[in-house]
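Below: entry.txt (compact mmCIF, C-alpha atoms and all ligand atoms)
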# COMPACT_ATOMS: atom_id res chain seq x y z
CA MET A 1 7.20 38.68 39.35
CA ASN A 2 5.67 41.29 37.06
CA THR A 3 6.78 44.76 36.18
CA GLN A 4 4.24 47.16 37.57
CA THR A 5 3.89 50.48 35.88
CA SER A 6 2.75 53.55 37.82
CA ASN A 7 -0.86 53.19 36.65
CA THR A 8 -1.18 49.41 36.95
CA LYS A 9 -3.82 48.30 39.39
CA LEU A 10 -5.72 45.16 40.17
CA LYS A 11 -8.79 45.03 37.95
CA ALA A 12 -9.82 41.40 37.61
CA LEU A 13 -10.01 38.18 39.58
CA ILE A 14 -9.72 34.99 37.52
CA PHE A 15 -10.91 31.78 39.15
CA ASP A 16 -10.12 28.16 38.45
CA VAL A 17 -13.18 25.98 39.09
CA ASP A 18 -12.43 22.37 40.05
CA GLY A 19 -10.76 22.25 43.45
CA THR A 20 -10.82 26.06 43.83
CA LEU A 21 -14.46 27.15 43.75
CA SER A 22 -15.63 23.71 44.84
CA ASN A 23 -14.20 20.31 45.72
CA THR A 24 -15.69 18.71 42.64
CA GLU A 25 -13.16 16.05 41.78
CA ARG A 26 -13.51 13.15 44.26
CA ASP A 27 -17.29 13.15 44.75
CA GLY A 28 -18.27 14.80 41.49
CA HIS A 29 -16.17 14.21 38.38
CA ARG A 30 -14.83 10.83 39.59
CA VAL A 31 -18.31 9.53 40.37
CA ALA A 32 -19.63 10.74 37.01
CA PHE A 33 -16.78 9.05 35.11
CA ASN A 34 -17.60 5.76 36.87
CA GLN A 35 -21.30 6.14 36.05
CA ALA A 36 -20.42 6.69 32.38
CA PHE A 37 -18.15 3.62 32.34
CA LYS A 38 -20.97 1.53 33.81
CA GLU A 39 -23.47 2.90 31.32
CA TYR A 40 -21.18 1.84 28.48
CA GLY A 41 -20.59 -1.65 29.94
CA LEU A 42 -16.94 -1.01 30.79
CA ASP A 43 -15.57 -2.65 33.92
CA TRP A 44 -13.43 0.41 34.72
CA ASN A 45 -13.90 1.89 38.17
CA TRP A 46 -11.74 4.76 39.35
CA SER A 47 -11.06 4.59 43.09
CA VAL A 48 -10.37 7.75 45.10
CA GLU A 49 -6.67 6.83 45.07
CA THR A 50 -6.44 5.99 41.36
CA TYR A 51 -8.27 9.20 40.53
CA GLY A 52 -5.60 11.15 42.44
CA LYS A 53 -3.00 9.76 40.05
CA LEU A 54 -5.19 10.39 37.02
CA LEU A 55 -5.51 14.07 37.98
CA ALA A 56 -1.95 14.47 36.70
CA VAL A 57 -3.69 14.92 33.34
CA THR A 58 -6.27 17.69 33.02
CA GLY A 59 -9.33 17.36 30.80
CA GLY A 60 -11.72 14.43 31.02
CA LYS A 61 -11.12 13.10 27.50
CA GLU A 62 -7.37 13.41 27.93
CA ARG A 63 -7.62 11.71 31.35
CA MET A 64 -9.48 8.70 29.90
CA LYS A 65 -6.86 8.37 27.16
CA PHE A 66 -4.09 8.54 29.79
CA TYR A 67 -5.87 5.78 31.75
CA THR A 68 -5.97 3.45 28.73
CA GLU A 69 -2.32 4.15 27.99
CA GLU A 70 -0.85 3.90 31.49
CA PHE A 71 -3.22 2.06 33.82
CA ILE A 72 -4.74 -0.99 32.12
CA ASP A 73 -3.76 -3.97 29.98
CA LYS A 74 -4.14 -3.57 26.27
CA ASP A 75 -6.74 -6.43 26.40
CA GLY A 76 -9.06 -4.28 28.55
CA ILE A 77 -9.25 -1.51 25.95
CA PRO A 78 -12.17 -1.64 23.47
CA ALA A 79 -10.93 -1.60 19.86
CA ASP A 80 -12.95 1.53 19.08
CA ILE A 81 -11.82 3.47 22.15
CA GLU A 82 -10.63 6.54 20.19
CA GLU A 83 -14.17 7.07 18.85
CA LYS A 84 -15.75 6.01 22.17
CA ILE A 85 -13.94 8.58 24.32
CA PRO A 86 -15.98 11.62 23.16
CA GLU A 87 -19.20 9.59 23.66
CA LEU A 88 -18.11 8.45 27.11
CA HIS A 89 -17.19 12.02 27.93
CA ALA A 90 -20.59 13.34 26.87
CA ALA A 91 -22.23 10.72 29.13
CA LYS A 92 -19.90 11.71 31.96
CA THR A 93 -20.88 15.39 31.52
CA ARG A 94 -24.54 14.39 31.67
CA HIS A 95 -24.02 12.42 34.90
CA TYR A 96 -21.90 15.19 36.39
CA THR A 97 -24.37 17.98 35.68
CA GLU A 98 -27.19 15.79 37.04
CA LEU A 99 -25.20 15.33 40.22
CA LEU A 100 -24.64 19.08 40.51
CA SER A 101 -28.36 19.71 40.08
CA THR A 102 -29.01 17.77 43.31
CA GLY A 103 -27.00 20.41 45.18
CA ALA A 104 -24.65 17.68 46.45
CA ILE A 105 -21.49 19.64 45.65
CA PRO A 106 -21.23 22.95 47.55
CA LEU A 107 -18.80 25.83 47.07
CA ARG A 108 -15.70 25.88 49.24
CA SER A 109 -15.47 27.99 52.37
CA GLY A 110 -15.23 31.70 51.62
CA VAL A 111 -15.86 31.52 47.89
CA GLU A 112 -19.36 33.03 47.89
CA ARG A 113 -18.32 35.78 50.30
CA LEU A 114 -15.19 36.71 48.33
CA ILE A 115 -17.08 36.82 45.02
CA ALA A 116 -19.81 39.01 46.56
CA GLU A 117 -17.23 41.40 48.00
CA ALA A 118 -15.31 41.52 44.71
CA ARG A 119 -18.51 42.45 42.86
CA GLU A 120 -19.31 45.17 45.39
CA ARG A 121 -15.83 46.61 44.98
CA GLY A 122 -16.09 46.61 41.22
CA TYR A 123 -13.51 44.01 40.30
CA ARG A 124 -14.09 42.25 37.03
CA LEU A 125 -14.51 38.48 37.26
CA ALA A 126 -13.55 35.62 34.96
CA ILE A 127 -13.13 31.87 34.96
CA ALA A 128 -10.27 29.84 33.49
CA THR A 129 -10.74 26.09 33.71
CA THR A 130 -10.05 22.89 31.81
CA THR A 131 -13.49 21.50 32.50
CA THR A 132 -16.39 21.52 30.03
CA PRO A 133 -18.36 24.84 29.85
CA GLU A 134 -21.67 23.10 30.77
CA ASN A 135 -20.07 21.92 34.01
CA VAL A 136 -19.13 25.47 34.98
CA THR A 137 -22.55 26.93 34.31
CA ALA A 138 -24.22 24.01 36.15
CA LEU A 139 -22.01 24.55 39.20
CA LEU A 140 -22.69 28.29 39.24
CA LYS A 141 -26.41 27.83 38.71
CA HIS A 142 -26.80 25.27 41.50
CA THR A 143 -24.63 27.09 44.03
CA LEU A 144 -24.87 30.87 43.42
CA GLY A 145 -28.02 30.90 41.28
CA GLU A 146 -28.58 31.18 37.52
CA GLU A 147 -27.90 34.93 37.44
CA SER A 148 -24.34 34.35 38.71
CA ILE A 149 -23.32 33.04 35.27
CA ASP A 150 -23.47 36.67 34.09
CA TRP A 151 -21.25 37.92 36.89
CA PHE A 152 -18.32 36.38 35.02
CA GLU A 153 -17.31 38.45 32.04
CA VAL A 154 -15.46 35.52 30.49
CA ILE A 155 -15.93 31.81 31.12
CA ALA A 156 -12.87 30.30 29.48
CA ALA A 157 -13.38 26.55 29.62
CA GLY A 158 -12.64 23.16 28.09
CA ASP A 159 -11.69 22.84 24.43
CA ILE A 160 -11.84 26.59 23.75
CA VAL A 161 -8.03 26.45 23.58
CA PRO A 162 -6.14 23.48 22.12
CA ALA A 163 -3.68 23.04 25.02
CA LYS A 164 -5.18 22.59 28.49
CA LYS A 165 -3.47 23.38 31.81
CA PRO A 166 -0.55 23.26 32.63
CA ALA A 167 -0.26 25.22 29.36
CA PRO A 168 -0.95 28.95 29.92
CA ASP A 169 -3.39 29.16 26.98
CA ILE A 170 -6.65 29.24 28.93
CA TYR A 171 -5.46 32.12 31.14
CA ASN A 172 -4.00 33.95 28.15
CA TYR A 173 -7.37 33.56 26.45
CA ALA A 174 -9.32 34.95 29.43
CA ILE A 175 -6.95 37.93 29.85
CA LYS A 176 -7.12 38.73 26.13
CA GLU A 177 -10.92 38.49 26.06
CA MET A 178 -11.08 41.03 28.90
CA ASN A 179 -8.62 43.24 27.07
CA LEU A 180 -6.42 43.39 30.17
CA LEU A 181 -2.76 42.82 30.94
CA PRO A 182 -1.67 39.93 33.17
CA GLU A 183 -0.39 42.44 35.74
CA GLU A 184 -3.93 43.79 36.10
CA CYS A 185 -5.30 40.39 37.16
CA ILE A 186 -4.84 37.82 39.89
CA ALA A 187 -5.56 34.09 39.63
CA PHE A 188 -7.05 31.65 42.14
CA GLU A 189 -5.90 28.05 41.83
CA ASP A 190 -5.65 24.80 43.75
CA SER A 191 -3.22 22.58 41.84
CA GLU A 192 0.26 22.34 40.39
CA ASN A 193 -1.07 22.12 36.83
CA GLY A 194 -3.19 25.17 37.64
CA ILE A 195 -0.37 27.33 38.95
CA LYS A 196 1.92 26.28 36.11
CA SER A 197 -0.77 27.55 33.77
CA SER A 198 -1.42 30.83 35.63
CA ILE A 199 2.25 31.61 36.18
CA GLY A 200 2.91 30.71 32.55
CA ALA A 201 0.43 33.49 31.76
CA LYS A 202 2.40 35.82 34.11
CA LEU A 203 -0.36 36.00 36.71
CA ASN A 204 0.11 36.40 40.42
CA THR A 205 -1.66 33.42 41.98
CA ILE A 206 -3.38 32.67 45.27
CA ILE A 207 -3.59 28.98 46.16
CA THR A 208 -6.15 27.15 48.26
CA ILE A 209 -5.13 23.49 48.52
CA ASN A 210 -7.33 20.42 48.89
CA ASP A 211 -6.77 16.76 49.73
CA TYR A 212 -5.68 15.90 46.20
CA THR A 213 -3.28 18.84 45.85
CA LYS A 214 -1.84 19.36 49.35
CA ASN A 215 1.56 17.89 48.37
CA HIS A 216 1.85 19.75 45.06
CA ASP A 217 4.63 22.20 44.28
CA PHE A 218 3.31 25.77 44.49
CA THR A 219 6.54 27.61 43.82
CA GLY A 220 5.79 31.18 42.81
CA ALA A 221 2.43 31.43 44.59
CA SER A 222 1.56 34.72 46.30
CA ILE A 223 0.24 32.69 49.25
CA VAL A 224 -0.76 29.08 49.89
CA LEU A 225 -3.79 28.58 52.15
CA ASN A 226 -5.80 25.54 53.17
CA GLN A 227 -9.01 27.44 52.32
CA MET A 228 -10.28 30.99 51.81
CA GLY A 229 -12.05 30.75 55.15
CA GLU A 230 -14.69 32.88 56.79
CA PRO A 231 -14.94 35.11 59.85
CA GLY A 232 -14.91 32.56 62.67
CA GLN A 233 -13.64 29.85 60.31
CA PRO A 234 -10.01 30.90 59.80
CA PHE A 235 -7.65 29.66 57.12
CA SER A 236 -4.29 28.01 57.87
CA VAL A 237 -1.34 29.51 56.08
CA ILE A 238 0.86 26.90 54.44
CA ASN A 239 3.20 29.43 52.90
CA GLY A 240 3.25 33.22 52.56
CA ASP A 241 2.39 36.37 54.49
CA ASN A 242 -1.23 36.82 55.54
CA GLY A 243 -0.59 39.97 57.61
CA ASN A 244 -3.18 39.90 60.37
CA ALA A 245 -5.93 38.37 58.26
CA SER A 246 -7.67 35.15 59.25
CA PHE A 247 -9.75 34.78 56.08
CA LEU A 248 -9.23 35.80 52.46
CA ASN A 249 -11.02 39.04 51.64
CA CYS A 250 -10.41 41.71 48.98
CA ASP A 251 -8.07 43.67 51.28
CA LEU A 252 -5.79 40.66 51.58
CA VAL A 253 -6.04 39.97 47.85
CA GLU A 254 -4.96 43.59 47.19
CA LYS A 255 -2.13 43.32 49.70
CA LEU A 256 -0.83 40.11 48.11
CA TYR A 257 -1.12 41.70 44.69
CA GLN A 258 0.89 44.77 45.81
CA GLN A 259 3.46 42.57 47.56
CA ALA A 260 4.23 40.73 44.34
CA PHE A 261 5.51 43.94 42.77
CA THR A 262 7.67 44.97 45.69
CA SER A 263 9.27 41.63 46.64
C1 LIG B 301 -10.05 20.32 36.11
C2 LIG B 301 -9.92 19.15 35.29
C3 LIG B 301 -11.07 18.68 34.57
C4 LIG B 301 -12.13 17.96 35.37
C5 LIG B 301 -13.02 17.19 34.45
O1 LIG B 301 -8.77 20.92 36.28
O2 LIG B 301 -8.85 18.60 35.16
O3 LIG B 301 -10.61 17.77 33.62
O4 LIG B 301 -11.50 17.05 36.24
O5 LIG B 301 -13.63 18.00 33.53
P1 LIG B 301 -8.61 22.47 36.64
P2 LIG B 301 -14.03 17.49 32.07
O6 LIG B 301 -9.22 22.64 37.98
O7 LIG B 301 -7.12 22.68 36.71
O8 LIG B 301 -9.24 23.27 35.56
O9 LIG B 301 -14.34 16.05 32.17
O10 LIG B 301 -15.22 18.32 31.69
O11 LIG B 301 -12.84 17.74 31.18
MG MG B 302 -8.31 23.14 39.80

Please rewrite the model in this file as structure tokens.
Ligand code: XBP
Ligand code: MG
Amino acid sequence: MNTQTSNTKLKALIFDVDGTLSNTERDGHRVAFNQAFKEYGLDWNWSVETYGKLLAVTGGKERMKFYTEEFIDKDGIPADIEEKIPELHAAKTRHYTELLSTGAIPLRSGVERLIAEARERGYRLAIATTTTPENVTALLKHTLGEESIDWFEVIAAGDIVPAKKPAPDIYNYAIKEMNLLPEECIAFEDSENGIKSSIGAKLNTIITINDYTKNHDFTGASIVLNQMGEPGQPFSVINGDNGNASFLNCDLVEKLYQQAFTS
């Protein structure tokens, strides 16, 4: 996909958050949206199924707007909804971060191990997500510990760029902040909007699917796995060449990175 020059090497790993580091959507974000709606006296309640459809739009504020435009009668929309959405979203962020602080939402299989190995091997780390910055730091704090926030050189999140995924802006921002080239980085994603964004930024991309994204189109991915996995808890390969590996470690990441320049 990229043109590798003789001195190009993999320097940084850039992670999506929701669905990639942790399965936050169904039992985290969705629940927090519903709590915010209740707090504001709205009779909206997003079921697991409805939320799957709403995930077509990234960004919580944008998702609520999409819901009012496509999912409910005009009569069910408060007249001041445009002004209410930022307030509702702030309440949702409060509920979501409270939920994270209970430790109810763990990291996905293999994430902690891969991040630890990447740090040991000297790769630079970054985050590129559409979610609100507070949500990222709360997830890191309550899973990997407060100090882990500093392991990530750049946390590119939320409204820091005007156009959210599938636009490439958030990845472009992270790459630029690290003063790297796209061909020196690799992205980790879980969704079609995510890979559109990372590929739009010319990044090779490793996919780990989840229940909401298993039927998405991952054309262009370096590999599509059901999870990163662990020793004794192997991944399933949906598409791509895993060599002899049974879980995603830095050697496999390197191999997939090299492969992208030779295929
Ligand atoms: C994540 C999102 C976010 C979260 C909600 O997508 O779409 O909108 O669902 O976060 P990705 P906020 O994994 O592709 O970054 O409510 O804070 O926007
Ligand atoms: Mg995601």

For the interface of chain A with ligand LIG 301 (chain B) (cut-off 7 Å, counting only C-alpha atoms and all ligand atoms), please tabulate each contacting residue of chain A alongside its nearest pair of atoms and their separation in Å to one decimal, rows sorted by chain and increasing number, as a tab-separated table.
residue	atom	partner	partner_atom	distance
A:Asp16	CA	B:LIG301	O6	5.6
A:Val17	CA	B:LIG301	O6	5.3
A:Asp18	CA	B:LIG301	O6	3.8
A:Gly19	CA	B:LIG301	O6	5.7
A:Thr20	CA	B:LIG301	O6	7.0
A:Glu25	CA	B:LIG301	O4	5.9
A:His29	CA	B:LIG301	C5	5.9
A:Leu55	CA	B:LIG301	O2	6.3
A:Val57	CA	B:LIG301	O2	6.6
A:Thr58	CA	B:LIG301	O2	3.5
A:Gly59	CA	B:LIG301	O3	3.1
A:Gly60	CA	B:LIG301	O9	3.3
A:Lys61	CA	B:LIG301	O11	6.2
A:His89	CA	B:LIG301	O9	6.5
A:Thr93	CA	B:LIG301	O10	6.4
A:Ala128	CA	B:LIG301	O8	7.0
A:Thr129	CA	B:LIG301	O8	3.7
A:Thr130	CA	B:LIG301	O8	3.9
A:Thr131	CA	B:LIG301	O5	3.7
A:Thr132	CA	B:LIG301	O10	3.8
A:Asn135	CA	B:LIG301	O10	6.5
A:Gly158	CA	B:LIG301	O11	6.2
A:Lys165	CA	B:LIG301	O7	6.2
A:Ser191	CA	B:LIG301	O7	6.4
A:Asn193	CA	B:LIG301	O7	6.1
A:Gly194	CA	B:LIG301	O7	4.7

#### Entry: Top pick for closest residue to ligand MG 302 (chain B), considering A:Ile127, A:Ile186, A:Leu144, A:Ala260 and counting all atoms listed in the file
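Of the candidates, the smallest distance to ligand MG 302 (chain B) is held by A:Ile127.
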
### Task
Measuring atom to atom with all atoms listed in the file, identify which of A:Ile149, A:Ala116, A:Leu180, A:Ile209 is nearest to ligand MG 302 (chain B).
A:Ile209

### Task
Tell me, in Å to one decimal, how far CA of Val237 in chain A is from CA of Thr208 in chain A.
9.5 Å

#### Entry: Nearest candidate to ligand MG 302 (chain B) (options A:Leu203, A:Leu181, A:Ile195, A:Val48; using all atoms listed in the file)
A:Ile195

### Task
Mind giving me the straight-line distance from CA of Ala32 in chain A to CA of Ile81 in chain A in Å, one decimal?
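Separating CA of Ala32 in chain A from CA of Ile81 in chain A is a distance of 18.3 Å.
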
### Distance criterion (all atoms listed in the file): nearest to ligand MG 302 (chain B) out of A:Leu139, A:Leu42, A:Leu252, A:Leu21
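Closest to ligand MG 302 (chain B), using all atoms listed in the file: A:Leu21.
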
### Task
Using CA of Ile160 in chain A and CA of Gln35 in chain A as the two end points, give the distance in Å to one decimal.
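Between CA of Ile160 in chain A and CA of Gln35 in chain A the gap works out to 25.7 Å.
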
#### Entry: Closest of A:Gly229, A:Pro133, A:Pro166, A:Pro182 to ligand MG 302 (chain B) - atom-to-atom distances counting only C-alpha atoms and all ligand atoms
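Using only C-alpha atoms and all ligand atoms, the shortest distance to ligand MG 302 (chain B) belongs to A:Pro166.
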
### Nearby residues (all atoms listed in the file) at most 12 Å from Lys196 in chain A, same-chain spacing under 4 positions excluded, as a list in words
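Contacts, with the query itself left out: Lys164, Lys165, Pro166, Ala167, Pro168, Asp169, Ile170, Tyr171, Ala187, Glu189, Asp190, Ser191, Glu192, Gly200, Ala201, Lys202, Leu203, Asn204, Thr205, Ile207, His216, Asp217, Phe218, Thr219, Gly220 and Ala221 of chain A.
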
Distance query 10 Å from (-14.0, 28.9, 57.3) using all atoms listed in the file, result as an mmCIF file with C-alpha atoms, keeping the file's coordinate frame:
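selection.cif written:
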data_model
loop_
_atom_site.group_PDB
_atom_site.id
_atom_site.type_symbol
_atom_site.label_atom_id
_atom_site.label_comp_id
_atom_site.auth_asym_id
_atom_site.auth_seq_id
_atom_site.Cartn_x
_atom_site.Cartn_y
_atom_site.Cartn_z
ATOM 1 C CA ARG A 108 -15.700 25.880 49.240
ATOM 2 C CA SER A 109 -15.470 27.990 52.370
ATOM 3 C CA GLY A 110 -15.230 31.700 51.620
ATOM 4 C CA VAL A 111 -15.860 31.520 47.890
ATOM 5 C CA ASN A 226 -5.800 25.540 53.170
ATOM 6 C CA GLN A 227 -9.010 27.440 52.320
ATOM 7 C CA MET A 228 -10.280 30.990 51.810
ATOM 8 C CA GLY A 229 -12.050 30.750 55.150
ATOM 9 C CA GLU A 230 -14.690 32.880 56.790
ATOM 10 C CA PRO A 231 -14.940 35.110 59.850
ATOM 11 C CA GLY A 232 -14.910 32.560 62.670
ATOM 12 C CA GLN A 233 -13.640 29.850 60.310
ATOM 13 C CA PRO A 234 -10.010 30.900 59.800
ATOM 14 C CA PHE A 235 -7.650 29.660 57.120
ATOM 15 C CA SER A 236 -4.290 28.010 57.870
ATOM 16 C CA SER A 246 -7.670 35.150 59.250
ATOM 17 C CA PHE A 247 -9.750 34.780 56.080
ATOM 18 C CA LEU A 248 -9.230 35.800 52.460
#

Since the input is missing atoms, can you rebuild N, CA, C and O atoms for range 61-86 of chain A and write them as an mmCIF file, in the frame of the given file?
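Generated output (out27.cif):
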data_model
loop_
_atom_site.group_PDB
_atom_site.id
_atom_site.type_symbol
_atom_site.label_atom_id
_atom_site.label_comp_id
_atom_site.auth_asym_id
_atom_site.auth_seq_id
_atom_site.Cartn_x
_atom_site.Cartn_y
_atom_site.Cartn_z
ATOM 1 N N LYS A 61 -11.417 13.968 28.654
ATOM 2 C CA LYS A 61 -11.120 13.100 27.500
ATOM 3 C C LYS A 61 -9.646 12.683 27.543
ATOM 4 O O LYS A 61 -9.312 11.519 27.347
ATOM 5 N N GLU A 62 -8.805 13.659 27.841
ATOM 6 C CA GLU A 62 -7.370 13.410 27.930
ATOM 7 C C GLU A 62 -7.064 12.437 29.078
ATOM 8 O O GLU A 62 -6.196 11.574 28.978
ATOM 9 N N ARG A 63 -7.823 12.577 30.177
ATOM 10 C CA ARG A 63 -7.620 11.710 31.350
ATOM 11 C C ARG A 63 -7.993 10.268 31.023
ATOM 12 O O ARG A 63 -7.304 9.335 31.428
ATOM 13 N N MET A 64 -9.074 10.075 30.284
ATOM 14 C CA MET A 64 -9.480 8.700 29.900
ATOM 15 C C MET A 64 -8.421 8.073 28.986
ATOM 16 O O MET A 64 -8.088 6.903 29.110
ATOM 17 N N LYS A 65 -7.893 8.867 28.086
ATOM 18 C CA LYS A 65 -6.860 8.370 27.160
ATOM 19 C C LYS A 65 -5.615 7.963 27.974
ATOM 20 O O LYS A 65 -5.047 6.881 27.766
ATOM 21 N N PHE A 66 -5.240 8.803 28.905
ATOM 22 C CA PHE A 66 -4.090 8.540 29.790
ATOM 23 C C PHE A 66 -4.313 7.226 30.547
ATOM 24 O O PHE A 66 -3.409 6.394 30.659
ATOM 25 N N TYR A 67 -5.540 7.010 31.019
ATOM 26 C CA TYR A 67 -5.870 5.780 31.750
ATOM 27 C C TYR A 67 -5.647 4.547 30.855
ATOM 28 O O TYR A 67 -5.040 3.572 31.283
ATOM 29 N N THR A 68 -6.124 4.621 29.626
ATOM 30 C CA THR A 68 -5.970 3.450 28.730
ATOM 31 C C THR A 68 -4.498 3.227 28.382
ATOM 32 O O THR A 68 -4.079 2.106 28.171
ATOM 33 N N GLU A 69 -3.731 4.294 28.370
ATOM 34 C CA GLU A 69 -2.320 4.150 27.990
ATOM 35 C C GLU A 69 -1.441 3.684 29.144
ATOM 36 O O GLU A 69 -0.487 2.939 28.946
ATOM 37 N N GLU A 70 -1.780 4.119 30.364
ATOM 38 C CA GLU A 70 -0.850 3.900 31.490
ATOM 39 C C GLU A 70 -1.381 2.992 32.597
ATOM 40 O O GLU A 70 -0.620 2.577 33.447
ATOM 41 N N PHE A 71 -2.669 2.717 32.629
ATOM 42 C CA PHE A 71 -3.220 2.060 33.820
ATOM 43 C C PHE A 71 -3.800 0.670 33.571
ATOM 44 O O PHE A 71 -4.046 -0.074 34.514
ATOM 45 N N ILE A 72 -4.096 0.307 32.344
ATOM 46 C CA ILE A 72 -4.740 -0.990 32.120
ATOM 47 C C ILE A 72 -4.047 -1.773 31.007
ATOM 48 O O ILE A 72 -3.357 -1.190 30.159
ATOM 49 N N ASP A 73 -4.283 -3.096 31.039
ATOM 50 C CA ASP A 73 -3.760 -3.970 29.980
ATOM 51 C C ASP A 73 -4.376 -3.617 28.650
ATOM 52 O O ASP A 73 -5.547 -3.252 28.592
ATOM 53 N N LYS A 74 -3.636 -3.816 27.629
ATOM 54 C CA LYS A 74 -4.140 -3.570 26.270
ATOM 55 C C LYS A 74 -5.443 -4.352 26.009
ATOM 56 O O LYS A 74 -6.352 -3.872 25.339
ATOM 57 N N ASP A 75 -5.548 -5.578 26.605
ATOM 58 C CA ASP A 75 -6.740 -6.430 26.400
ATOM 59 C C ASP A 75 -8.024 -5.773 26.922
ATOM 60 O O ASP A 75 -9.123 -6.075 26.445
ATOM 61 N N GLY A 76 -7.874 -4.903 27.935
ATOM 62 C CA GLY A 76 -9.060 -4.280 28.550
ATOM 63 C C GLY A 76 -9.553 -3.053 27.781
ATOM 64 O O GLY A 76 -10.518 -2.406 28.192
ATOM 65 N N ILE A 77 -8.881 -2.724 26.687
ATOM 66 C CA ILE A 77 -9.250 -1.510 25.950
ATOM 67 C C ILE A 77 -10.112 -1.875 24.738
ATOM 68 O O ILE A 77 -9.671 -2.628 23.870
ATOM 69 N N PRO A 78 -11.341 -1.367 24.656
ATOM 70 C CA PRO A 78 -12.170 -1.640 23.470
ATOM 71 C C PRO A 78 -11.457 -1.149 22.201
ATOM 72 O O PRO A 78 -10.771 -0.121 22.224
ATOM 73 N N ALA A 79 -11.637 -1.911 21.115
ATOM 74 C CA ALA A 79 -10.930 -1.600 19.860
ATOM 75 C C ALA A 79 -11.276 -0.193 19.356
ATOM 76 O O ALA A 79 -10.441 0.492 18.776
ATOM 77 N N ASP A 80 -12.509 0.225 19.607
ATOM 78 C CA ASP A 80 -12.950 1.530 19.080
ATOM 79 C C ASP A 80 -12.837 2.648 20.124
ATOM 80 O O ASP A 80 -13.612 3.611 20.095
ATOM 81 N N ILE A 81 -11.876 2.521 21.024
ATOM 82 C CA ILE A 81 -11.820 3.470 22.150
ATOM 83 C C ILE A 81 -11.630 4.933 21.704
ATOM 84 O O ILE A 81 -12.202 5.833 22.307
ATOM 85 N N GLU A 82 -10.855 5.149 20.662
ATOM 86 C CA GLU A 82 -10.630 6.540 20.190
ATOM 87 C C GLU A 82 -11.955 7.234 19.871
ATOM 88 O O GLU A 82 -12.170 8.374 20.235
ATOM 89 N N GLU A 83 -12.856 6.480 19.185
ATOM 90 C CA GLU A 83 -14.170 7.070 18.850
ATOM 91 C C GLU A 83 -15.081 7.098 20.071
ATOM 92 O O GLU A 83 -15.956 7.940 20.186
ATOM 93 N N LYS A 84 -14.885 6.123 20.984
ATOM 94 C CA LYS A 84 -15.750 6.010 22.170
ATOM 95 C C LYS A 84 -15.504 7.123 23.194
ATOM 96 O O LYS A 84 -16.419 7.517 23.915
ATOM 97 N N ILE A 85 -14.267 7.618 23.258
ATOM 98 C CA ILE A 85 -13.940 8.580 24.320
ATOM 99 C C ILE A 85 -14.851 9.825 24.289
ATOM 100 O O ILE A 85 -15.405 10.192 25.335
ATOM 101 N N PRO A 86 -15.064 10.454 23.145
ATOM 102 C CA PRO A 86 -15.980 11.620 23.160
ATOM 103 C C PRO A 86 -17.391 11.253 23.615
ATOM 104 O O PRO A 86 -18.041 12.025 24.326
#
